[in-house]
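What follows is a single structure, written as C-alpha cells, with notes after it.
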Amino acid sequence: MDKDTPAQKSGEFSIGNDLRVHRLGYGAMRITGKGIWGEPADRAEAIRVLRRAVELGIDFIDTADSYGPHVSEEIIAEALHPYPAGLVIATKGGFDRPGPDKWVENGKPEHLRSACEGSLRRLRLERIDLYQLHRIDPKVAAEDQLGTLKDLQAQGKIKHIGLSEVNVRQIQHAQAIVPIVSVQNRYSVTDRGSEDVLEYCEREQIGFIPWFPLAAGKLSGAASPINRVAVRLKATPSQVALAWLLARSPVMLPIPGTSSVKHLEENVAAAALKMDENAMQELGEMVGAR
C-alpha cells in the first residue's frame with residue numbers, strides 16, 4: 001500500500017503482531033439498506049466509497065456476514081477484488097437476521113462453520129485475515145463457539161480470531177482456548193462503558209476496535225465540550241471525536257462507517273488532527289473519565 005496517504009497519519013498497529021494496518025479503518029455496515037437490511041440506496045456510491053477509502057490509505061475494512069445480510073461483503077468484493085497487497089478485511093459471524101433491525105445470536109458450531117464458508121465465498125478469499133465472533137451466544141457453550149473458530153483456524157480458513165461486545169472475564173476465558181488478537185466493543189468519547197476492556201487490551205497488546213465511534217447524534221450542541229474543541233481546532237465535532245480516540249490509546253483502531261465519499265474524506269482527515277493536552281483533558285472530563 002502507498003504510505004504517503006491521509007490515513008497514514010493515524011499511525012500503525014500490528015494485529016496479531018503480523019497484520020500491520022493504519023489505525024484509522026473503515027466500517028462497512030452502512031453500505032446496506034435501512035435497518036442494515038438489503039441493498040443500499042445507492043450501490044454505485046457504496047462502491048465509490050470503498051475504492052476511495054483504499055486511495056486514502058485505509059487498509060483495514062471491517063464487515064460481517066450479517067450486514068445486509070451478505071450485502072456488505074458482496075459489495076466489498078465487487079469494489080475491491082482483486083485486493084491490493086496489504087489490505088486487511090475483517091469479518092464476523094454469529095448472528096441470524098430474520099428481518100430489518102433484527103439480530104438473533106447464533107453461536108452453534110454448524111452455523112459458525114457455514115457463516116465462515118459463506119464469507120470466504122462472498123469476499124472471494126481463501127483465508128480471512130481476522131474473523132470475529134460477533135457475539136458470544138449465551139445459549140451455546142463458549143468453548144464450543146471458540147473451539148469451532150480454532151478448528152477453522154487450524155484448517156487455514158482463518159488467520160486470526162477476535163471477539164465483539166465482551167467483558168474482561170470473557171476475553172480471559174477465550175484466551176485460554178485460542179489466541180485473541182482483537183476486541184470490538186462499543187466505545188466513544190461520550191460512551192466509555194468499556195474502559196476496563198480497553199485498558200486490558202492495552203496491557204495484552206490486543207487491538208481495540210470501537211464500534212459506534214462517533215456516537216451519532218450526540219456530538220452536536222454549541223455548548224458541548226466537543227463543539228468547543230472543534231471550534232478551537234478548526235475541525236468538525238466528528239473529526240474531534242475520531243482524533244480523541246486515536247490519541248486515547250495506541251491499540252485503538254476506529255472504524256467510522258459512512259455511505260458517502262464526502263463524509264469518508266472528512267473522517268479520514270481526522271487522522272491529521274493533533275489533540276493537545278488541554279483538548280484531551282477537556283474531553284476526558286466529559287463523562288468523568290480520565
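Residue numbering restarts at 1 for every chain of the C-alpha cells, chains are lettered A, B, ... in their displayed order, and ligands are numbered from 1 as they appear.
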
Members of segment 22-237 of chain A assigned helix (DSSP H, G or I) by DSSP, as a PDB file with N, CA, C and O atoms, in the first residue's frame:
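That gives us out21.pdb:
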```
ATOM      1  N   ARG A  43     -25.946   1.865  -4.703  1.00  0.00           N
ATOM      2  CA  ARG A  43     -24.864   0.869  -4.724  1.00  0.00           C
ATOM      3  C   ARG A  43     -23.602   1.436  -5.384  1.00  0.00           C
ATOM      4  O   ARG A  43     -22.485   1.164  -4.941  1.00  0.00           O
ATOM      5  N   ALA A  44     -23.780   2.242  -6.416  1.00  0.00           N
ATOM      6  CA  ALA A  44     -22.617   2.818  -7.116  1.00  0.00           C
ATOM      7  C   ALA A  44     -21.817   3.712  -6.170  1.00  0.00           C
ATOM      8  O   ALA A  44     -20.578   3.701  -6.186  1.00  0.00           O
ATOM      9  N   GLU A  45     -22.521   4.466  -5.320  1.00  0.00           N
ATOM     10  CA  GLU A  45     -21.819   5.316  -4.351  1.00  0.00           C
ATOM     11  C   GLU A  45     -21.102   4.464  -3.300  1.00  0.00           C
ATOM     12  O   GLU A  45     -19.983   4.789  -2.882  1.00  0.00           O
ATOM     13  N   ALA A  46     -21.707   3.361  -2.890  1.00  0.00           N
ATOM     14  CA  ALA A  46     -21.059   2.450  -1.933  1.00  0.00           C
ATOM     15  C   ALA A  46     -19.744   1.933  -2.507  1.00  0.00           C
ATOM     16  O   ALA A  46     -18.732   1.857  -1.800  1.00  0.00           O
ATOM     17  N   ILE A  47     -19.750   1.598  -3.789  1.00  0.00           N
ATOM     18  CA  ILE A  47     -18.527   1.122  -4.446  1.00  0.00           C
ATOM     19  C   ILE A  47     -17.496   2.248  -4.510  1.00  0.00           C
ATOM     20  O   ILE A  47     -16.301   2.031  -4.252  1.00  0.00           O
ATOM     21  N   ARG A  48     -17.947   3.457  -4.804  1.00  0.00           N
ATOM     22  CA  ARG A  48     -17.023   4.603  -4.834  1.00  0.00           C
ATOM     23  C   ARG A  48     -16.411   4.841  -3.450  1.00  0.00           C
ATOM     24  O   ARG A  48     -15.220   5.149  -3.334  1.00  0.00           O
ATOM     25  N   VAL A  49     -17.220   4.707  -2.405  1.00  0.00           N
ATOM     26  CA  VAL A  49     -16.720   4.900  -1.037  1.00  0.00           C
ATOM     27  C   VAL A  49     -15.582   3.922  -0.735  1.00  0.00           C
ATOM     28  O   VAL A  49     -14.527   4.307  -0.225  1.00  0.00           O
ATOM     29  N   LEU A  50     -15.809   2.650  -1.046  1.00  0.00           N
ATOM     30  CA  LEU A  50     -14.784   1.632  -0.763  1.00  0.00           C
ATOM     31  C   LEU A  50     -13.500   1.894  -1.547  1.00  0.00           C
ATOM     32  O   LEU A  50     -12.387   1.797  -1.002  1.00  0.00           O
ATOM     33  N   ARG A  51     -13.634   2.239  -2.814  1.00  0.00           N
ATOM     34  CA  ARG A  51     -12.442   2.488  -3.637  1.00  0.00           C
ATOM     35  C   ARG A  51     -11.717   3.742  -3.165  1.00  0.00           C
ATOM     36  O   ARG A  51     -10.475   3.779  -3.142  1.00  0.00           O
ATOM     37  N   ARG A  52     -12.474   4.760  -2.766  1.00  0.00           N
ATOM     38  CA  ARG A  52     -11.858   5.986  -2.266  1.00  0.00           C
ATOM     39  C   ARG A  52     -11.160   5.730  -0.921  1.00  0.00           C
ATOM     40  O   ARG A  52     -10.091   6.299  -0.658  1.00  0.00           O
ATOM     41  N   ALA A  53     -11.752   4.874  -0.100  1.00  0.00           N
ATOM     42  CA  ALA A  53     -11.125   4.533   1.184  1.00  0.00           C
ATOM     43  C   ALA A  53      -9.726   3.968   0.971  1.00  0.00           C
ATOM     44  O   ALA A  53      -8.765   4.369   1.645  1.00  0.00           O
ATOM     45  N   VAL A  54      -9.599   3.073   0.023  1.00  0.00           N
ATOM     46  CA  VAL A  54      -8.280   2.483  -0.269  1.00  0.00           C
ATOM     47  C   VAL A  54      -7.332   3.541  -0.823  1.00  0.00           C
ATOM     48  O   VAL A  54      -6.154   3.595  -0.457  1.00  0.00           O
ATOM     49  N   GLU A  55      -7.836   4.416  -1.691  1.00  0.00           N
ATOM     50  CA  GLU A  55      -7.000   5.506  -2.227  1.00  0.00           C
ATOM     51  C   GLU A  55      -6.472   6.401  -1.112  1.00  0.00           C
ATOM     52  O   GLU A  55      -5.339   6.897  -1.187  1.00  0.00           O
ATOM     53  N   VAL A  71     -24.875  -8.526   2.018  1.00  0.00           N
ATOM     54  CA  VAL A  71     -24.732  -7.447   1.029  1.00  0.00           C
ATOM     55  C   VAL A  71     -23.391  -6.728   1.157  1.00  0.00           C
ATOM     56  O   VAL A  71     -22.710  -6.467   0.161  1.00  0.00           O
ATOM     57  N   SER A  72     -23.007  -6.384   2.390  1.00  0.00           N
ATOM     58  CA  SER A  72     -21.762  -5.645   2.599  1.00  0.00           C
ATOM     59  C   SER A  72     -20.560  -6.414   2.050  1.00  0.00           C
ATOM     60  O   SER A  72     -19.720  -5.853   1.333  1.00  0.00           O
ATOM     61  N   GLU A  73     -20.476  -7.693   2.365  1.00  0.00           N
ATOM     62  CA  GLU A  73     -19.347  -8.496   1.876  1.00  0.00           C
ATOM     63  C   GLU A  73     -19.345  -8.563   0.349  1.00  0.00           C
ATOM     64  O   GLU A  73     -18.273  -8.471  -0.283  1.00  0.00           O
ATOM     65  N   GLU A  74     -20.512  -8.726  -0.237  1.00  0.00           N
ATOM     66  CA  GLU A  74     -20.595  -8.824  -1.712  1.00  0.00           C
ATOM     67  C   GLU A  74     -20.138  -7.528  -2.374  1.00  0.00           C
ATOM     68  O   GLU A  74     -19.420  -7.557  -3.390  1.00  0.00           O
ATOM     69  N   ILE A  75     -20.521  -6.380  -1.814  1.00  0.00           N
ATOM     70  CA  ILE A  75     -20.130  -5.097  -2.400  1.00  0.00           C
ATOM     71  C   ILE A  75     -18.625  -4.865  -2.235  1.00  0.00           C
ATOM     72  O   ILE A  75     -17.969  -4.334  -3.140  1.00  0.00           O
ATOM     73  N   ILE A  76     -18.073  -5.268  -1.089  1.00  0.00           N
ATOM     74  CA  ILE A  76     -16.619  -5.130  -0.884  1.00  0.00           C
ATOM     75  C   ILE A  76     -15.861  -5.890  -1.965  1.00  0.00           C
ATOM     76  O   ILE A  76     -14.915  -5.366  -2.569  1.00  0.00           O
ATOM     77  N   ALA A  77     -16.278  -7.118  -2.234  1.00  0.00           N
ATOM     78  CA  ALA A  77     -15.598  -7.912  -3.266  1.00  0.00           C
ATOM     79  C   ALA A  77     -15.784  -7.286  -4.648  1.00  0.00           C
ATOM     80  O   ALA A  77     -14.830  -7.208  -5.438  1.00  0.00           O
ATOM     81  N   GLU A  78     -16.994  -6.817  -4.936  1.00  0.00           N
ATOM     82  CA  GLU A  78     -17.244  -6.189  -6.240  1.00  0.00           C
ATOM     83  C   GLU A  78     -16.369  -4.952  -6.434  1.00  0.00           C
ATOM     84  O   GLU A  78     -15.823  -4.715  -7.514  1.00  0.00           O
ATOM     85  N   ALA A  79     -16.208  -4.171  -5.362  1.00  0.00           N
ATOM     86  CA  ALA A  79     -15.465  -2.914  -5.466  1.00  0.00           C
ATOM     87  C   ALA A  79     -13.959  -3.108  -5.494  1.00  0.00           C
ATOM     88  O   ALA A  79     -13.249  -2.388  -6.207  1.00  0.00           O
ATOM     89  N   LEU A  80     -13.450  -4.079  -4.733  1.00  0.00           N
ATOM     90  CA  LEU A  80     -12.013  -4.095  -4.456  1.00  0.00           C
ATOM     91  C   LEU A  80     -11.266  -5.346  -4.916  1.00  0.00           C
ATOM     92  O   LEU A  80     -10.037  -5.349  -4.942  1.00  0.00           O
ATOM     93  N   PRO A 109     -22.001 -24.376  16.497  1.00  0.00           N
ATOM     94  CA  PRO A 109     -20.841 -24.665  15.647  1.00  0.00           C
ATOM     95  C   PRO A 109     -21.172 -24.787  14.170  1.00  0.00           C
ATOM     96  O   PRO A 109     -20.449 -24.257  13.320  1.00  0.00           O
ATOM     97  N   GLU A 110     -22.291 -25.439  13.839  1.00  0.00           N
ATOM     98  CA  GLU A 110     -22.632 -25.609  12.412  1.00  0.00           C
ATOM     99  C   GLU A 110     -22.941 -24.262  11.761  1.00  0.00           C
ATOM    100  O   GLU A 110     -22.630 -24.044  10.584  1.00  0.00           O
ATOM    101  N   HIS A 111     -23.551 -23.354  12.534  1.00  0.00           N
ATOM    102  CA  HIS A 111     -23.834 -22.022  11.987  1.00  0.00           C
ATOM    103  C   HIS A 111     -22.537 -21.259  11.748  1.00  0.00           C
ATOM    104  O   HIS A 111     -22.373 -20.617  10.695  1.00  0.00           O
ATOM    105  N   LEU A 112     -21.626 -21.305  12.713  1.00  0.00           N
ATOM    106  CA  LEU A 112     -20.362 -20.566  12.570  1.00  0.00           C
ATOM    107  C   LEU A 112     -19.531 -21.104  11.405  1.00  0.00           C
ATOM    108  O   LEU A 112     -18.929 -20.329  10.660  1.00  0.00           O
ATOM    109  N   ARG A 113     -19.514 -22.424  11.241  1.00  0.00           N
ATOM    110  CA  ARG A 113     -18.783 -23.005  10.100  1.00  0.00           C
ATOM    111  C   ARG A 113     -19.395 -22.535   8.778  1.00  0.00           C
ATOM    112  O   ARG A 113     -18.684 -22.130   7.857  1.00  0.00           O
ATOM    113  N   SER A 114     -20.715 -22.590   8.703  1.00  0.00           N
ATOM    114  CA  SER A 114     -21.416 -22.169   7.484  1.00  0.00           C
ATOM    115  C   SER A 114     -21.206 -20.672   7.231  1.00  0.00           C
ATOM    116  O   SER A 114     -21.010 -20.242   6.085  1.00  0.00           O
ATOM    117  N   ALA A 115     -21.240 -19.867   8.296  1.00  0.00           N
ATOM    118  CA  ALA A 115     -21.054 -18.418   8.161  1.00  0.00           C
ATOM    119  C   ALA A 115     -19.659 -18.103   7.626  1.00  0.00           C
ATOM    120  O   ALA A 115     -19.493 -17.259   6.734  1.00  0.00           O
ATOM    121  N   CYS A 116     -18.656 -18.782   8.150  1.00  0.00           N
ATOM    122  CA  CYS A 116     -17.278 -18.554   7.699  1.00  0.00           C
ATOM    123  C   CYS A 116     -17.121 -18.952   6.230  1.00  0.00           C
ATOM    124  O   CYS A 116     -16.533 -18.206   5.440  1.00  0.00           O
ATOM    125  N   GLU A 117     -17.663 -20.107   5.861  1.00  0.00           N
ATOM    126  CA  GLU A 117     -17.577 -20.559   4.463  1.00  0.00           C
ATOM    127  C   GLU A 117     -18.270 -19.560   3.533  1.00  0.00           C
ATOM    128  O   GLU A 117     -17.765 -19.248   2.449  1.00  0.00           O
ATOM    129  N   GLY A 118     -19.429 -19.050   3.975  1.00  0.00           N
ATOM    130  CA  GLY A 118     -20.148 -18.066   3.166  1.00  0.00           C
ATOM    131  C   GLY A 118     -19.355 -16.787   2.996  1.00  0.00           C
ATOM    132  O   GLY A 118     -19.309 -16.203   1.898  1.00  0.00           O
ATOM    133  N   SER A 119     -18.710 -16.323   4.070  1.00  0.00           N
ATOM    134  CA  SER A 119     -17.899 -15.108   3.992  1.00  0.00           C
ATOM    135  C   SER A 119     -16.708 -15.300   3.060  1.00  0.00           C
ATOM    136  O   SER A 119     -16.386 -14.409   2.261  1.00  0.00           O
ATOM    137  N   LEU A 120     -16.061 -16.444   3.141  1.00  0.00           N
ATOM    138  CA  LEU A 120     -14.938 -16.738   2.232  1.00  0.00           C
ATOM    139  C   LEU A 120     -15.404 -16.661   0.778  1.00  0.00           C
ATOM    140  O   LEU A 120     -14.724 -16.072  -0.071  1.00  0.00           O
ATOM    141  N   ARG A 121     -16.550 -17.226   0.513  1.00  0.00           N
ATOM    142  CA  ARG A 121     -17.079 -17.267  -0.863  1.00  0.00           C
ATOM    143  C   ARG A 121     -17.436 -15.858  -1.351  1.00  0.00           C
ATOM    144  O   ARG A 121     -17.051 -15.451  -2.445  1.00  0.00           O
ATOM    145  N   ARG A 122     -18.171 -15.117  -0.518  1.00  0.00           N
ATOM    146  CA  ARG A 122     -18.616 -13.771  -0.934  1.00  0.00           C
ATOM    147  C   ARG A 122     -17.442 -12.802  -1.079  1.00  0.00           C
ATOM    148  O   ARG A 122     -17.418 -11.974  -1.994  1.00  0.00           O
ATOM    149  N   LEU A 123     -16.482 -12.898  -0.169  1.00  0.00           N
ATOM    150  CA  LEU A 123     -15.325 -11.988  -0.211  1.00  0.00           C
ATOM    151  C   LEU A 123     -14.261 -12.460  -1.218  1.00  0.00           C
ATOM    152  O   LEU A 123     -13.290 -11.749  -1.465  1.00  0.00           O
ATOM    153  N   ALA A 142     -19.379 -21.452  25.437  1.00  0.00           N
ATOM    154  CA  ALA A 142     -18.342 -20.613  24.807  1.00  0.00           C
ATOM    155  C   ALA A 142     -17.226 -21.476  24.233  1.00  0.00           C
ATOM    156  O   ALA A 142     -16.660 -21.163  23.178  1.00  0.00           O
ATOM    157  N   GLU A 143     -16.930 -22.584  24.933  1.00  0.00           N
ATOM    158  CA  GLU A 143     -15.880 -23.483  24.438  1.00  0.00           C
ATOM    159  C   GLU A 143     -16.211 -24.035  23.059  1.00  0.00           C
ATOM    160  O   GLU A 143     -15.315 -24.231  22.220  1.00  0.00           O
ATOM    161  N   ASP A 144     -17.495 -24.311  22.820  1.00  0.00           N
ATOM    162  CA  ASP A 144     -17.909 -24.846  21.518  1.00  0.00           C
ATOM    163  C   ASP A 144     -17.787 -23.783  20.425  1.00  0.00           C
ATOM    164  O   ASP A 144     -17.379 -24.081  19.291  1.00  0.00           O
ATOM    165  N   GLN A 145     -18.149 -22.539  20.764  1.00  0.00           N
ATOM    166  CA  GLN A 145     -18.071 -21.457  19.774  1.00  0.00           C
ATOM    167  C   GLN A 145     -16.615 -21.161  19.415  1.00  0.00           C
ATOM    168  O   GLN A 145     -16.246 -21.101  18.239  1.00  0.00           O
ATOM    169  N   LEU A 146     -15.796 -20.973  20.438  1.00  0.00           N
ATOM    170  CA  LEU A 146     -14.383 -20.646  20.196  1.00  0.00           C
ATOM    171  C   LEU A 146     -13.621 -21.847  19.649  1.00  0.00           C
ATOM    172  O   LEU A 146     -12.713 -21.689  18.830  1.00  0.00           O
ATOM    173  N   GLY A 147     -14.029 -23.043  20.072  1.00  0.00           N
ATOM    174  CA  GLY A 147     -13.396 -24.252  19.542  1.00  0.00           C
ATOM    175  C   GLY A 147     -13.646 -24.401  18.048  1.00  0.00           C
ATOM    176  O   GLY A 147     -12.773 -24.849  17.296  1.00  0.00           O
ATOM    177  N   THR A 148     -14.828 -24.005  17.600  1.00  0.00           N
ATOM    178  CA  THR A 148     -15.150 -24.048  16.169  1.00  0.00           C
ATOM    179  C   THR A 148     -14.235 -23.097  15.396  1.00  0.00           C
ATOM    180  O   THR A 148     -13.702 -23.452  14.333  1.00  0.00           O
ATOM    181  N   LEU A 149     -14.047 -21.867  15.927  1.00  0.00           N
ATOM    182  CA  LEU A 149     -13.159 -20.911  15.257  1.00  0.00           C
ATOM    183  C   LEU A 149     -11.721 -21.418  15.271  1.00  0.00           C
ATOM    184  O   LEU A 149     -10.983 -21.232  14.296  1.00  0.00           O
ATOM    185  N   LYS A 150     -11.333 -22.062  16.362  1.00  0.00           N
ATOM    186  CA  LYS A 150      -9.980 -22.637  16.442  1.00  0.00           C
ATOM    187  C   LYS A 150      -9.789 -23.715  15.369  1.00  0.00           C
ATOM    188  O   LYS A 150      -8.737 -23.792  14.729  1.00  0.00           O
ATOM    189  N   ASP A 151     -10.819 -24.540  15.165  1.00  0.00           N
ATOM    190  CA  ASP A 151     -10.763 -25.573  14.109  1.00  0.00           C
ATOM    191  C   ASP A 151     -10.636 -24.935  12.725  1.00  0.00           C
ATOM    192  O   ASP A 151      -9.851 -25.388  11.875  1.00  0.00           O
ATOM    193  N   LEU A 152     -11.424 -23.870  12.474  1.00  0.00           N
ATOM    194  CA  LEU A 152     -11.353 -23.174  11.180  1.00  0.00           C
ATOM    195  C   LEU A 152      -9.971 -22.553  10.983  1.00  0.00           C
ATOM    196  O   LEU A 152      -9.449 -22.516   9.865  1.00  0.00           O
ATOM    197  N   GLN A 153      -9.379 -22.089  12.068  1.00  0.00           N
ATOM    198  CA  GLN A 153      -8.022 -21.544  12.009  1.00  0.00           C
ATOM    199  C   GLN A 153      -7.027 -22.655  11.658  1.00  0.00           C
ATOM    200  O   GLN A 153      -6.160 -22.466  10.796  1.00  0.00           O
ATOM    201  N   ALA A 154      -7.179 -23.795  12.286  1.00  0.00           N
ATOM    202  CA  ALA A 154      -6.279 -24.933  12.009  1.00  0.00           C
ATOM    203  C   ALA A 154      -6.409 -25.402  10.564  1.00  0.00           C
ATOM    204  O   ALA A 154      -5.434 -25.876   9.961  1.00  0.00           O
ATOM    205  N   VAL A 168     -13.909  -8.245  30.335  1.00  0.00           N
ATOM    206  CA  VAL A 168     -12.542  -8.737  30.546  1.00  0.00           C
ATOM    207  C   VAL A 168     -12.536 -10.224  30.882  1.00  0.00           C
ATOM    208  O   VAL A 168     -11.714 -10.989  30.359  1.00  0.00           O
ATOM    209  N   ARG A 169     -13.466 -10.642  31.726  1.00  0.00           N
ATOM    210  CA  ARG A 169     -13.509 -12.062  32.106  1.00  0.00           C
ATOM    211  C   ARG A 169     -13.729 -12.952  30.885  1.00  0.00           C
ATOM    212  O   ARG A 169     -13.108 -14.017  30.750  1.00  0.00           O
ATOM    213  N   GLN A 170     -14.609 -12.531  29.982  1.00  0.00           N
ATOM    214  CA  GLN A 170     -14.870 -13.327  28.772  1.00  0.00           C
ATOM    215  C   GLN A 170     -13.644 -13.389  27.870  1.00  0.00           C
ATOM    216  O   GLN A 170     -13.371 -14.423  27.256  1.00  0.00           O
ATOM    217  N   ILE A 171     -12.903 -12.287  27.785  1.00  0.00           N
ATOM    218  CA  ILE A 171     -11.676 -12.298  26.972  1.00  0.00           C
ATOM    219  C   ILE A 171     -10.673 -13.284  27.569  1.00  0.00           C
ATOM    220  O   ILE A 171     -10.061 -14.094  26.850  1.00  0.00           O
ATOM    221  N   GLN A 172     -10.508 -13.237  28.876  1.00  0.00           N
ATOM    222  CA  GLN A 172      -9.547 -14.129  29.537  1.00  0.00           C
ATOM    223  C   GLN A 172      -9.942 -15.586  29.345  1.00  0.00           C
ATOM    224  O   GLN A 172      -9.085 -16.439  29.082  1.00  0.00           O
ATOM    225  N   HIS A 173     -11.232 -15.874  29.438  1.00  0.00           N
ATOM    226  CA  HIS A 173     -11.712 -17.244  29.226  1.00  0.00           C
ATOM    227  C   HIS A 173     -11.431 -17.682  27.787  1.00  0.00           C
ATOM    228  O   HIS A 173     -10.968 -18.803  27.539  1.00  0.00           O
ATOM    229  N   ALA A 174     -11.680 -16.778  26.841  1.00  0.00           N
ATOM    230  CA  ALA A 174     -11.431 -17.108  25.432  1.00  0.00           C
ATOM    231  C   ALA A 174      -9.946 -17.348  25.181  1.00  0.00           C
ATOM    232  O   ALA A 174      -9.569 -18.267  24.443  1.00  0.00           O
ATOM    233  N   GLN A 175      -9.099 -16.536  25.811  1.00  0.00           N
ATOM    234  CA  GLN A 175      -7.649 -16.664  25.604  1.00  0.00           C
ATOM    235  C   GLN A 175      -7.111 -18.011  26.085  1.00  0.00           C
ATOM    236  O   GLN A 175      -6.075 -18.465  25.621  1.00  0.00           O
ATOM    237  N   GLU A 195     -14.169   0.980  29.300  1.00  0.00           N
ATOM    238  CA  GLU A 195     -12.846   1.499  29.676  1.00  0.00           C
ATOM    239  C   GLU A 195     -11.937   0.400  30.216  1.00  0.00           C
ATOM    240  O   GLU A 195     -10.750   0.327  29.884  1.00  0.00           O
ATOM    241  N   ASP A 196     -12.486  -0.493  31.068  1.00  0.00           N
ATOM    242  CA  ASP A 196     -11.656  -1.562  31.639  1.00  0.00           C
ATOM    243  C   ASP A 196     -11.207  -2.542  30.564  1.00  0.00           C
ATOM    244  O   ASP A 196     -10.080  -3.075  30.612  1.00  0.00           O
ATOM    245  N   VAL A 197     -12.065  -2.764  29.565  1.00  0.00           N
ATOM    246  CA  VAL A 197     -11.702  -3.667  28.462  1.00  0.00           C
ATOM    247  C   VAL A 197     -10.575  -3.041  27.628  1.00  0.00           C
ATOM    248  O   VAL A 197      -9.612  -3.714  27.257  1.00  0.00           O
ATOM    249  N   LEU A 198     -10.691  -1.741  27.356  1.00  0.00           N
ATOM    250  CA  LEU A 198      -9.641  -1.048  26.612  1.00  0.00           C
ATOM    251  C   LEU A 198      -8.307  -1.139  27.348  1.00  0.00           C
ATOM    252  O   LEU A 198      -7.271  -1.434  26.744  1.00  0.00           O
ATOM    253  N   GLU A 199      -8.325  -0.915  28.647  1.00  0.00           N
ATOM    254  CA  GLU A 199      -7.083  -0.960  29.424  1.00  0.00           C
ATOM    255  C   GLU A 199      -6.485  -2.369  29.430  1.00  0.00           C
ATOM    256  O   GLU A 199      -5.268  -2.551  29.354  1.00  0.00           O
ATOM    257  N   TYR A 200      -7.351  -3.397  29.475  1.00  0.00           N
ATOM    258  CA  TYR A 200      -6.877  -4.780  29.391  1.00  0.00           C
ATOM    259  C   TYR A 200      -6.235  -5.036  28.018  1.00  0.00           C
ATOM    260  O   TYR A 200      -5.165  -5.648  27.917  1.00  0.00           O
ATOM    261  N   CYS A 201      -6.889  -4.546  26.970  1.00  0.00           N
ATOM    262  CA  CYS A 201      -6.345  -4.726  25.616  1.00  0.00           C
ATOM    263  C   CYS A 201      -4.979  -4.040  25.481  1.00  0.00           C
ATOM    264  O   CYS A 201      -4.080  -4.573  24.821  1.00  0.00           O
ATOM    265  N   GLU A 202      -4.830  -2.872  26.089  1.00  0.00           N
ATOM    266  CA  GLU A 202      -3.526  -2.183  26.068  1.00  0.00           C
ATOM    267  C   GLU A 202      -2.448  -3.068  26.693  1.00  0.00           C
ATOM    268  O   GLU A 202      -1.358  -3.220  26.145  1.00  0.00           O
ATOM    269  N   ARG A 203      -2.758  -3.632  27.847  1.00  0.00           N
ATOM    270  CA  ARG A 203      -1.762  -4.462  28.545  1.00  0.00           C
ATOM    271  C   ARG A 203      -1.401  -5.702  27.734  1.00  0.00           C
ATOM    272  O   ARG A 203      -0.251  -6.142  27.734  1.00  0.00           O
ATOM    273  N   GLU A 204      -2.402  -6.252  27.041  1.00  0.00           N
ATOM    274  CA  GLU A 204      -2.197  -7.512  26.308  1.00  0.00           C
ATOM    275  C   GLU A 204      -1.800  -7.297  24.839  1.00  0.00           C
ATOM    276  O   GLU A 204      -1.607  -8.267  24.109  1.00  0.00           O
ATOM    277  N   PRO A 225     -18.493  20.225  25.101  1.00  0.00           N
ATOM    278  CA  PRO A 225     -17.025  20.305  25.051  1.00  0.00           C
ATOM    279  C   PRO A 225     -16.470  19.921  23.684  1.00  0.00           C
ATOM    280  O   PRO A 225     -15.497  20.516  23.221  1.00  0.00           O
ATOM    281  N   ILE A 226     -17.098  18.932  23.038  1.00  0.00           N
ATOM    282  CA  ILE A 226     -16.615  18.507  21.718  1.00  0.00           C
ATOM    283  C   ILE A 226     -16.716  19.670  20.730  1.00  0.00           C
ATOM    284  O   ILE A 226     -15.793  19.920  19.953  1.00  0.00           O
ATOM    285  N   ASN A 227     -17.827  20.387  20.772  1.00  0.00           N
ATOM    286  CA  ASN A 227     -18.017  21.509  19.857  1.00  0.00           C
ATOM    287  C   ASN A 227     -17.016  22.629  20.157  1.00  0.00           C
ATOM    288  O   ASN A 227     -16.466  23.240  19.238  1.00  0.00           O
ATOM    289  N   ARG A 228     -16.777  22.893  21.436  1.00  0.00           N
ATOM    290  CA  ARG A 228     -15.810  23.940  21.804  1.00  0.00           C
ATOM    291  C   ARG A 228     -14.411  23.599  21.288  1.00  0.00           C
ATOM    292  O   ARG A 228     -13.716  24.447  20.729  1.00  0.00           O
ATOM    293  N   VAL A 229     -14.006  22.338  21.477  1.00  0.00           N
ATOM    294  CA  VAL A 229     -12.691  21.909  20.986  1.00  0.00           C
ATOM    295  C   VAL A 229     -12.642  21.984  19.463  1.00  0.00           C
ATOM    296  O   VAL A 229     -11.648  22.423  18.881  1.00  0.00           O
ATOM    297  N   ALA A 230     -13.742  21.581  18.809  1.00  0.00           N
ATOM    298  CA  ALA A 230     -13.792  21.604  17.340  1.00  0.00           C
ATOM    299  C   ALA A 230     -13.603  23.024  16.812  1.00  0.00           C
ATOM    300  O   ALA A 230     -12.843  23.242  15.856  1.00  0.00           O
ATOM    301  N   VAL A 231     -14.261  23.987  17.436  1.00  0.00           N
ATOM    302  CA  VAL A 231     -14.121  25.388  17.005  1.00  0.00           C
ATOM    303  C   VAL A 231     -12.674  25.841  17.176  1.00  0.00           C
ATOM    304  O   VAL A 231     -12.086  26.475  16.289  1.00  0.00           O
ATOM    305  N   ARG A 232     -12.081  25.497  18.307  1.00  0.00           N
ATOM    306  CA  ARG A 232     -10.705  25.902  18.592  1.00  0.00           C
ATOM    307  C   ARG A 232      -9.714  25.292  17.593  1.00  0.00           C
ATOM    308  O   ARG A 232      -8.753  25.934  17.175  1.00  0.00           O
ATOM    309  N   LEU A 233      -9.946  24.030  17.217  1.00  0.00           N
ATOM    310  CA  LEU A 233      -9.020  23.322  16.317  1.00  0.00           C
ATOM    311  C   LEU A 233      -9.407  23.456  14.847  1.00  0.00           C
ATOM    312  O   LEU A 233      -8.765  22.855  13.987  1.00  0.00           O
ATOM    313  N   PRO A 237     -16.990  18.411  14.847  1.00  0.00           N
ATOM    314  CA  PRO A 237     -17.110  17.572  16.044  1.00  0.00           C
ATOM    315  C   PRO A 237     -16.775  16.104  15.775  1.00  0.00           C
ATOM    316  O   PRO A 237     -16.142  15.448  16.611  1.00  0.00           O
TER     317      PRO A 237
END
```

* Within 8 Å of Ala90 of chain A, counting only C-alpha atoms, which residues show up once you throw out same-chain ones fewer than 3 positions away? Write them as a PyMOL selection string, please. => chain A and resi 60-64+128-132

Export, as a CSV table (one decimal), in the first residue's frame, the selected residues with C-alpha atoms.
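For reference, part.csv as written:
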```
chain,number,residue,atom,x,y,z
A,60,PHE,CA,-8.4,-2.2,7.4
A,61,ILE,CA,-12.0,-2.8,6.5
A,62,ASP,CA,-14.4,-4.3,9.0
A,63,THR,CA,-17.6,-6.1,7.9
A,64,ALA,CA,-19.9,-9.0,8.9
A,128,ILE,CA,-9.9,-14.5,6.3
A,129,ASP,CA,-7.2,-12.4,8.0
A,130,LEU,CA,-9.4,-11.6,11.0
A,131,TYR,CA,-12.6,-13.4,11.9
A,132,GLN,CA,-14.5,-12.1,14.8
```
